[in-house]
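One file, upload.txt, is given below (compact mmCIF, C-alpha atoms and all ligand atoms).
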# COMPACT_ATOMS: atom_id res chain seq x y z
CA MET A 1224 -2.28 -14.75 -13.62
CA LEU A 1225 -0.62 -14.11 -10.29
CA SER A 1226 0.88 -10.69 -9.91
CA ALA A 1227 4.46 -10.47 -8.66
CA ALA A 1228 3.75 -10.39 -4.92
CA SER A 1229 1.08 -13.11 -4.90
CA PRO A 1230 1.65 -16.32 -2.93
CA THR A 1231 2.24 -19.59 -4.77
CA PRO A 1232 -1.11 -21.42 -4.64
CA SER A 1233 0.27 -24.88 -3.90
CA ASP A 1234 2.88 -24.20 -1.18
CA ASP A 1235 0.63 -25.31 1.69
CA PRO A 1236 -0.57 -28.97 1.91
CA ALA A 1237 -3.71 -27.97 3.84
CA TRP A 1238 -4.53 -25.57 1.05
CA THR A 1239 -4.28 -28.27 -1.63
CA LEU A 1240 -7.00 -30.32 0.12
CA ILE A 1241 -9.25 -27.32 0.74
CA TRP A 1242 -9.01 -26.22 -2.89
CA GLN A 1243 -9.76 -29.75 -4.13
CA ASP A 1244 -13.12 -29.60 -2.31
CA ALA A 1245 -13.93 -25.94 -2.99
CA SER A 1246 -13.15 -26.16 -6.69
CA ASP A 1247 -15.76 -28.93 -7.07
CA ILE A 1248 -18.40 -26.28 -6.30
CA PRO A 1249 -19.50 -24.38 -9.43
CA GLY A 1250 -18.42 -20.74 -9.35
CA TRP A 1251 -16.08 -18.16 -10.77
CA LEU A 1252 -13.24 -18.26 -8.29
CA LYS A 1253 -9.80 -19.38 -9.52
CA GLU A 1254 -7.15 -20.95 -7.32
CA GLY A 1255 -4.90 -17.89 -7.02
CA GLN A 1256 -7.95 -15.78 -6.24
CA ALA A 1257 -9.19 -18.21 -3.60
CA ARG A 1258 -5.72 -18.25 -2.10
CA ILE A 1259 -5.92 -14.53 -1.33
CA LEU A 1260 -9.09 -15.20 0.70
CA TRP A 1261 -7.50 -18.19 2.42
CA ASP A 1262 -4.29 -16.37 3.38
CA GLU A 1263 -6.09 -13.28 4.64
CA ALA A 1264 -8.71 -15.26 6.60
CA ARG A 1265 -6.08 -17.60 8.10
CA ALA A 1266 -4.19 -14.56 9.40
CA LEU A 1267 -7.22 -13.39 11.41
CA PRO A 1268 -7.40 -13.88 15.20
CA ASP A 1269 -9.56 -16.47 16.96
CA GLY A 1270 -13.26 -15.71 16.87
CA ALA A 1271 -12.91 -13.47 13.80
CA THR A 1272 -15.84 -12.73 11.49
CA VAL A 1273 -15.76 -12.39 7.69
CA LEU A 1274 -18.55 -10.71 5.76
CA GLU A 1275 -18.99 -12.03 2.22
CA ILE A 1276 -21.22 -10.25 -0.29
CA GLY A 1277 -22.25 -12.67 -3.06
CA SER A 1278 -21.95 -16.35 -2.17
CA HIS A 1279 -23.71 -18.13 -5.06
CA GLN A 1280 -23.20 -21.89 -4.50
CA GLY A 1281 -20.59 -21.35 -1.81
CA ARG A 1282 -17.24 -21.78 -3.55
CA SER A 1283 -15.62 -18.76 -1.88
CA THR A 1284 -17.71 -19.28 1.29
CA VAL A 1285 -16.18 -22.73 1.77
CA VAL A 1286 -12.65 -21.35 1.36
CA LEU A 1287 -13.35 -18.65 3.97
CA GLY A 1288 -15.16 -21.08 6.28
CA GLU A 1289 -12.31 -23.60 6.16
CA ALA A 1290 -9.85 -20.84 7.07
CA LEU A 1291 -11.93 -19.87 10.13
CA ARG A 1292 -13.07 -23.35 11.22
CA SER A 1293 -10.29 -23.97 13.75
CA LYS A 1294 -10.47 -20.39 15.06
CA GLY A 1295 -14.10 -20.52 16.13
CA GLY A 1296 -14.77 -17.84 13.52
CA THR A 1297 -17.87 -16.96 11.49
CA VAL A 1298 -18.57 -16.26 7.84
CA LEU A 1299 -21.60 -14.04 7.29
CA ALA A 1300 -22.69 -14.94 3.76
CA VAL A 1301 -24.92 -12.23 2.26
CA ASP A 1302 -26.82 -13.24 -0.88
CA PRO A 1303 -30.45 -12.71 -1.91
CA PHE A 1304 -30.11 -15.55 -4.46
CA ILE A 1305 -31.34 -13.48 -7.35
CA GLU A 1306 -33.33 -15.10 -10.12
CA GLY A 1307 -32.06 -15.37 -13.68
CA ARG A 1308 -30.07 -17.58 -16.01
CA LEU A 1309 -26.67 -16.63 -14.56
CA PHE A 1310 -27.29 -17.04 -10.83
CA GLY A 1311 -30.24 -19.46 -10.74
CA GLY A 1312 -32.40 -18.00 -7.96
CA LEU A 1313 -33.73 -20.02 -5.05
CA SER A 1314 -32.47 -23.38 -6.33
CA THR A 1315 -29.00 -21.85 -5.86
CA LYS A 1316 -29.81 -21.35 -2.18
CA ASP A 1317 -30.48 -25.10 -1.85
CA LYS A 1318 -27.16 -25.84 -3.53
CA PHE A 1319 -25.37 -23.32 -1.30
CA GLU A 1320 -26.83 -24.92 1.84
CA ALA A 1321 -26.01 -28.44 0.62
CA ASN A 1322 -22.41 -27.42 -0.16
CA ILE A 1323 -21.93 -25.78 3.25
CA ALA A 1324 -23.38 -28.87 4.97
CA ALA A 1325 -21.21 -31.22 2.88
CA ALA A 1326 -18.13 -29.26 3.96
CA GLY A 1327 -19.24 -29.57 7.60
CA LEU A 1328 -19.32 -25.78 7.91
CA GLY A 1329 -22.87 -25.40 9.24
CA ASP A 1330 -21.54 -23.99 12.54
CA VAL A 1331 -19.17 -21.56 10.81
CA VAL A 1332 -21.30 -20.08 8.02
CA GLU A 1333 -24.32 -17.90 8.74
CA LEU A 1334 -26.50 -17.11 5.73
CA VAL A 1335 -27.99 -13.62 5.50
CA GLN A 1336 -30.43 -13.94 2.64
CA ASP A 1337 -30.80 -10.34 1.52
CA TYR A 1338 -29.38 -7.64 -0.73
CA SER A 1339 -26.17 -6.07 0.61
CA THR A 1340 -27.51 -2.63 -0.32
CA ARG A 1341 -30.75 -3.19 1.56
CA ILE A 1342 -29.24 -4.30 4.88
CA ARG A 1343 -26.16 -2.04 4.93
CA PRO A 1344 -27.74 1.22 6.15
CA THR A 1345 -28.95 -0.36 9.42
CA TRP A 1346 -26.15 -2.92 9.92
CA SER A 1347 -24.28 -2.63 13.23
CA ARG A 1348 -22.33 -5.91 13.70
CA GLY A 1349 -18.55 -5.61 13.31
CA PHE A 1350 -16.40 -7.92 11.22
CA ASP A 1351 -12.73 -8.38 10.37
CA LEU A 1352 -12.54 -9.02 6.63
CA LEU A 1353 -14.82 -7.87 3.80
CA TYR A 1354 -15.20 -9.85 0.57
CA ILE A 1355 -17.15 -8.14 -2.21
CA ASP A 1356 -18.43 -10.35 -5.04
CA GLY A 1357 -22.10 -9.37 -5.38
CA LYS A 1358 -23.71 -7.26 -8.08
CA HIS A 1359 -21.04 -5.72 -10.28
CA ASP A 1360 -22.61 -2.43 -11.35
CA TYR A 1361 -21.08 0.91 -10.33
CA TRP A 1362 -23.86 1.84 -7.87
CA THR A 1363 -23.89 -1.46 -6.00
CA LEU A 1364 -20.08 -1.60 -5.79
CA SER A 1365 -20.05 2.00 -4.53
CA ASP A 1366 -22.52 1.03 -1.81
CA ASP A 1367 -20.72 -2.22 -1.00
CA LEU A 1368 -17.49 -0.29 -0.36
CA LYS A 1369 -19.30 1.52 2.47
CA TRP A 1370 -19.38 -1.76 4.44
CA ALA A 1371 -15.68 -1.11 5.14
CA VAL A 1372 -16.63 1.37 7.91
CA HIS A 1373 -17.22 -1.70 10.11
CA LEU A 1374 -13.63 -2.95 9.68
CA PRO A 1375 -10.72 -2.35 12.09
CA PRO A 1376 -7.51 -0.66 10.84
CA GLY A 1377 -5.34 -3.01 8.79
CA ALA A 1378 -8.27 -5.23 7.75
CA ALA A 1379 -8.43 -6.70 4.25
CA VAL A 1380 -11.05 -5.79 1.66
CA VAL A 1381 -10.99 -8.31 -1.19
CA ILE A 1382 -12.89 -7.47 -4.38
CA HIS A 1383 -13.61 -9.87 -7.22
CA ASP A 1384 -13.94 -8.76 -10.87
CA CYS A 1385 -11.82 -5.75 -10.07
CA TYR A 1386 -10.21 -4.33 -13.24
CA SER A 1387 -12.31 -6.71 -15.34
CA SER A 1388 -15.85 -5.41 -14.75
CA ILE A 1389 -16.60 -1.86 -15.95
CA GLY A 1390 -18.87 -1.07 -12.99
CA VAL A 1391 -16.48 -2.39 -10.36
CA THR A 1392 -13.46 -0.64 -11.87
CA LEU A 1393 -15.25 2.70 -12.24
CA GLY A 1394 -16.27 2.36 -8.59
CA ILE A 1395 -12.65 1.76 -7.58
CA LEU A 1396 -11.43 4.75 -9.62
CA ALA A 1397 -14.16 7.00 -8.18
CA HIS A 1398 -14.04 5.91 -4.53
CA VAL A 1399 -10.68 4.27 -3.81
CA LEU A 1400 -8.10 6.02 -6.04
CA PHE A 1401 -8.40 9.24 -4.01
CA SER A 1402 -9.54 7.65 -0.75
CA SER A 1403 -7.48 8.26 2.37
CA GLU A 1404 -8.70 5.06 4.03
CA LEU A 1405 -8.17 2.18 1.60
CA ALA A 1406 -4.88 1.14 -0.04
CA TYR A 1407 -4.48 -1.20 -3.02
CA GLU A 1408 -1.95 -3.98 -2.48
CA ARG A 1409 -2.11 -6.61 -5.24
CA ARG A 1410 -4.31 -8.90 -7.29
CA SER A 1411 -4.56 -12.41 -8.68
CA ASP A 1412 -6.29 -11.96 -12.03
CA SER A 1413 -9.39 -9.93 -11.08
CA GLN A 1414 -9.30 -10.70 -7.34
CA ALA A 1415 -7.87 -7.54 -5.78
CA LEU A 1416 -6.65 -7.06 -2.24
CA PHE A 1417 -7.09 -3.67 -0.55
CA ARG A 1418 -6.33 -2.80 3.06
CA VAL A 1419 -7.82 -0.35 5.54
CA ARG A 1420 -4.90 2.06 5.93
CA ARG A 1421 -3.75 5.40 4.60
CA PRO A 1422 -2.53 4.80 1.00
CA SER A 1423 0.84 6.01 -0.20
CA THR A 1424 1.37 7.61 -3.60
CA ALA A 1425 2.80 4.26 -4.73
CA ASP A 1426 -0.45 2.52 -3.71
CA ARG A 1427 -2.47 5.01 -5.77
CA LEU A 1428 -0.16 4.63 -8.76
CA ARG A 1429 -0.54 0.87 -8.48
CA ILE A 1430 -4.28 1.31 -9.13
CA LEU A 1431 -3.57 3.42 -12.22
CA ARG A 1432 -1.12 0.83 -13.50
CA GLU A 1433 -4.01 -1.69 -13.65
CA VAL A 1434 -5.99 0.52 -16.05
CA PRO A 1435 -4.37 -0.90 -19.24
CA TRP A 1436 -5.23 -4.44 -18.04
CA TRP A 1437 -8.81 -3.27 -17.45
CA ILE A 1438 -9.01 -1.78 -20.97
CA ARG A 1439 -7.71 -5.08 -22.37
CA ASN A 1440 -10.42 -6.98 -20.50
CA VAL A 1441 -13.19 -4.66 -21.70
CA PHE A 1442 -11.85 -5.03 -25.26
CA LEU A 1443 -11.95 -8.84 -24.91
CA LYS A 1444 -15.53 -8.67 -23.61
CA VAL A 1445 -16.55 -6.62 -26.67
CA LEU A 1446 -14.91 -9.22 -28.94
CA LEU A 1447 -16.79 -12.03 -27.17
CA ARG A 1448 -20.12 -10.16 -27.47
CA LEU A 1449 -19.40 -9.78 -31.21
CA ARG A 1450 -18.74 -13.56 -31.33
CA LEU A 1451 -15.14 -12.90 -32.38
CA ARG A 1452 -13.59 -15.57 -30.19
CA PRO A 1453 -10.79 -16.37 -32.67
CA VAL A 1454 -9.75 -12.70 -32.50
CA ALA A 1455 -9.90 -12.79 -28.69
CA ARG A 1456 -7.61 -15.83 -28.87
CA LEU A 1457 -5.06 -13.73 -30.75
CA PHE A 1458 -5.00 -11.47 -27.67
CA GLY A 1459 -4.31 -14.45 -25.41
CA HIS A 1460 -7.90 -15.10 -24.23
CA ASP A 1461 -8.82 -18.70 -25.06
CA SER A 1462 -12.17 -19.03 -23.30
CA PRO A 1463 -15.84 -18.42 -24.17
CA TYR A 1464 -16.22 -16.64 -20.83
CA ASP A 1465 -15.42 -13.04 -19.99
CA PRO A 1466 -11.96 -12.55 -18.51
CA TYR A 1467 -11.95 -12.50 -14.72
C1 LIG B 1501 -20.40 -13.93 -8.96
S1 LIG B 1501 -21.57 -14.62 -7.89
C2 LIG B 1501 -20.65 -14.92 -6.43
C3 LIG B 1501 -19.70 -16.06 -6.60
C4 LIG B 1501 -19.18 -16.63 -5.32
N1 LIG B 1501 -18.43 -15.66 -4.54
C5 LIG B 1501 -18.29 -17.85 -5.65
O1 LIG B 1501 -17.15 -17.93 -5.19
O2 LIG B 1501 -18.75 -18.73 -6.38
C6 LIG B 1501 -22.49 -13.21 -7.46
C7 LIG B 1501 -23.59 -13.47 -6.42
O3 LIG B 1501 -24.00 -12.18 -5.95
C8 LIG B 1501 -25.35 -12.26 -5.63
N2 LIG B 1501 -25.85 -10.89 -5.55
C9 LIG B 1501 -26.34 -10.10 -6.53
N3 LIG B 1501 -26.69 -8.90 -6.03
C10 LIG B 1501 -26.37 -8.94 -4.72
C11 LIG B 1501 -26.47 -8.02 -3.65
N4 LIG B 1501 -26.94 -6.78 -3.82
N5 LIG B 1501 -26.06 -8.40 -2.41
C12 LIG B 1501 -25.52 -9.63 -2.20
N6 LIG B 1501 -25.42 -10.53 -3.17
C13 LIG B 1501 -25.83 -10.19 -4.40
C14 LIG B 1501 -25.98 -13.15 -6.69
O4 LIG B 1501 -27.19 -13.73 -6.24
C15 LIG B 1501 -24.85 -14.15 -6.92
O5 LIG B 1501 -25.08 -15.33 -6.17
Encoded form (structure tokens):
Amino acid sequence: MLSAASPTPSDDPAWTLIWQDASDIPGWLKEGQARILWDEARALPDGATVLEIGSHQGRSTVVLGEALRSKGGTVLAVDPFIEGRLFGGLSTKDKFEANIAAAGLGDVVELVQDYSTRIRPTWSRGFDLLYIDGKHDYWTLSDDLKWAVHLPPGAAVVIHDCYSSIGVTLGILAHVLFSSELAYERRSDSQALFRVRRPSTADRLRILREVPWWIRNVFLKVLLRLRLRPVARLFGHDSPYDPY
């Protein structure tokens, strides 16, 4: 779902080619969601740097890297490649590196193989766009939001699984709803765009207006855990996967 102000995914021929390649890489990013990253990264100045938390096999990294390629920019891809059924551990690192090489983005993407929460306290390098798609619990998201201190005014903070994950959404309600430094702009499904600026009352209300959608998503997740997929279908969710 694209919210009202979202761009049309297919209105740029360069984008169509980029998405064809990126969408071949396994991952959880949908086209409208990727397009937010592409549009925001393309709007950055020459030599810009993007910091991505959670790269997996590189689907979003390739989108960001392609946007910065002609600008001499850099994507700092932070991922420890955690073990487990969902993320695959170190074999995922090999796939990530192969996908970055296949896209010819070896000079654009710099891998930082570590936990975002471990490196953040001593990090000093500035960057121009922050993409958060790492661990989705409340504590990690709360810590990941602190990376925004390195951003200049007006910079974009893009957060995946926003208003679909319980931990991410609670983090947004606790740390962004009343923040004076980060304003919510829009989303494509669960990919939400925030900006480093003083939020207006309308920006804050826009966050609250997403709460019913969040409750719907949590409800759908409960149905899927209870193996009630036919019931989830009645609520418009025709997929075995959690809504995102
Ligand atoms: C949902 S996947 C990212 C998907 C990726 N953005 C894409 O487009 O396909 C989440 C990733 O976050 C990583 N991760 C988990 N905890 C992390 C942390 N504390 N810091 C950085 N990455 C983390 C996992 O290893 C996993 O690869």
Counting all atoms listed in the file, write as a VMD selection string all protein and nucleic acid residues lying at most 7 Å from (-12.1, -14.6, -7.2) in the file's frame. chain A and resid 1251 to 1253 1256 to 1257 1383 1413 to 1414
Kindly save the residues from that selection, with C-alpha atoms included, as an mmCIF file, keeping the file's coordinate frame.
data_model
loop_
_atom_site.group_PDB
_atom_site.id
_atom_site.type_symbol
_atom_site.label_atom_id
_atom_site.label_comp_id
_atom_site.auth_asym_id
_atom_site.auth_seq_id
_atom_site.Cartn_x
_atom_site.Cartn_y
_atom_site.Cartn_z
ATOM 1 C CA TRP A 1251 -16.080 -18.160 -10.770
ATOM 2 C CA LEU A 1252 -13.240 -18.260 -8.290
ATOM 3 C CA LYS A 1253 -9.800 -19.380 -9.520
ATOM 4 C CA GLN A 1256 -7.950 -15.780 -6.240
ATOM 5 C CA ALA A 1257 -9.190 -18.210 -3.600
ATOM 6 C CA HIS A 1383 -13.610 -9.870 -7.220
ATOM 7 C CA SER A 1413 -9.390 -9.930 -11.080
ATOM 8 C CA GLN A 1414 -9.300 -10.700 -7.340
#
Give me, as a tab-separated table, the closest atom pair and its distance (Å, one decimal) for every residue of chain A within a cut-off of 6 Å of ligand LIG 1501 (chain B), counting only C-alpha atoms and all ligand atoms, rows sorted by chain and rising number.
residue	atom	partner	partner_atom	distance
A:Gly1250	CA	B:LIG1501	O2	3.6
A:Trp1251	CA	B:LIG1501	O2	5.2
A:Leu1252	CA	B:LIG1501	O1	5.0
A:Ile1276	CA	B:LIG1501	C12	4.7
A:Gly1277	CA	B:LIG1501	O3	3.4
A:Ser1278	CA	B:LIG1501	C4	4.2
A:His1279	CA	B:LIG1501	O5	3.3
A:Gln1280	CA	B:LIG1501	O2	5.8
A:Gly1281	CA	B:LIG1501	O2	5.6
A:Arg1282	CA	B:LIG1501	O1	4.2
A:Ser1283	CA	B:LIG1501	O1	3.7
A:Val1301	CA	B:LIG1501	C12	5.2
A:Asp1302	CA	B:LIG1501	N6	3.8
A:Pro1303	CA	B:LIG1501	O4	5.5
A:Phe1304	CA	B:LIG1501	O4	3.9
A:Ile1305	CA	B:LIG1501	O4	4.3
A:Phe1310	CA	B:LIG1501	O5	5.4
A:Tyr1338	CA	B:LIG1501	N5	3.8
A:Ser1339	CA	B:LIG1501	N5	3.8
A:Thr1340	CA	B:LIG1501	N4	5.5
A:Asp1356	CA	B:LIG1501	C2	5.3
A:Gly1357	CA	B:LIG1501	O3	3.4
A:Lys1358	CA	B:LIG1501	N3	4.0
What is the atom CA of A:Asp1412 to atom CA of A:His1359 distance in Å?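 Atom CA of A:His1359 lies at a distance of 16.1 Å from atom CA of A:Asp1412.
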In terms of the shortest atom-to-atom distance over all atoms listed in the file, which of A:Leu1447, A:Ile1248, A:Arg1429, A:Pro1435 is closest to A:Ala1321?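 Using all atoms listed in the file, A:Ala1321 sits closest to A:Ile1248.
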So how far away is atom CA of A:Gln1336 from atom CA of A:Glu1320, in Å?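 If I compute the distance from atom CA of A:Glu1320 to atom CA of A:Gln1336, I get 11.6 Å.
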To one decimal place, how far is atom CA of A:Pro1463 from atom CA of A:Asp1384 in Å?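 Atom CA of A:Pro1463 sits 16.5 Å away from atom CA of A:Asp1384.
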Distance criterion (all atoms listed in the file): nearest to A:Leu1260 out of A:Ser1387, A:Thr1345, A:Ser1365, A:Thr1284: A:Thr1284
Per residue of stretch 1398-1452 of chain A within 9 Å of stretch 1457-1460 of chain A, record the nearest atom pair and its distance in Å to one decimal, counting all atoms listed in the file, with rows in chain order and ascending residue number, as JSON lines.
{"residue": "A:Arg1439", "atom": "CA", "partner": "A:Phe1458", "partner_atom": "CA", "distance": 8.7}
{"residue": "A:Leu1443", "atom": "CA", "partner": "A:His1460", "partner_atom": "CA", "distance": 7.5}
{"residue": "A:Arg1452", "atom": "CA", "partner": "A:His1460", "partner_atom": "CA", "distance": 8.3}
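Residues surrounding A:Asp1269 within 12 Å are Ala1264, Arg1265, Val1273, Ala1290, Leu1291, Arg1292, Ser1293, Lys1294, Gly1295, Gly1296, Thr1297 and Asp1351 of chain A [all atoms listed in the file; sequence separation below 4 positions excluded].
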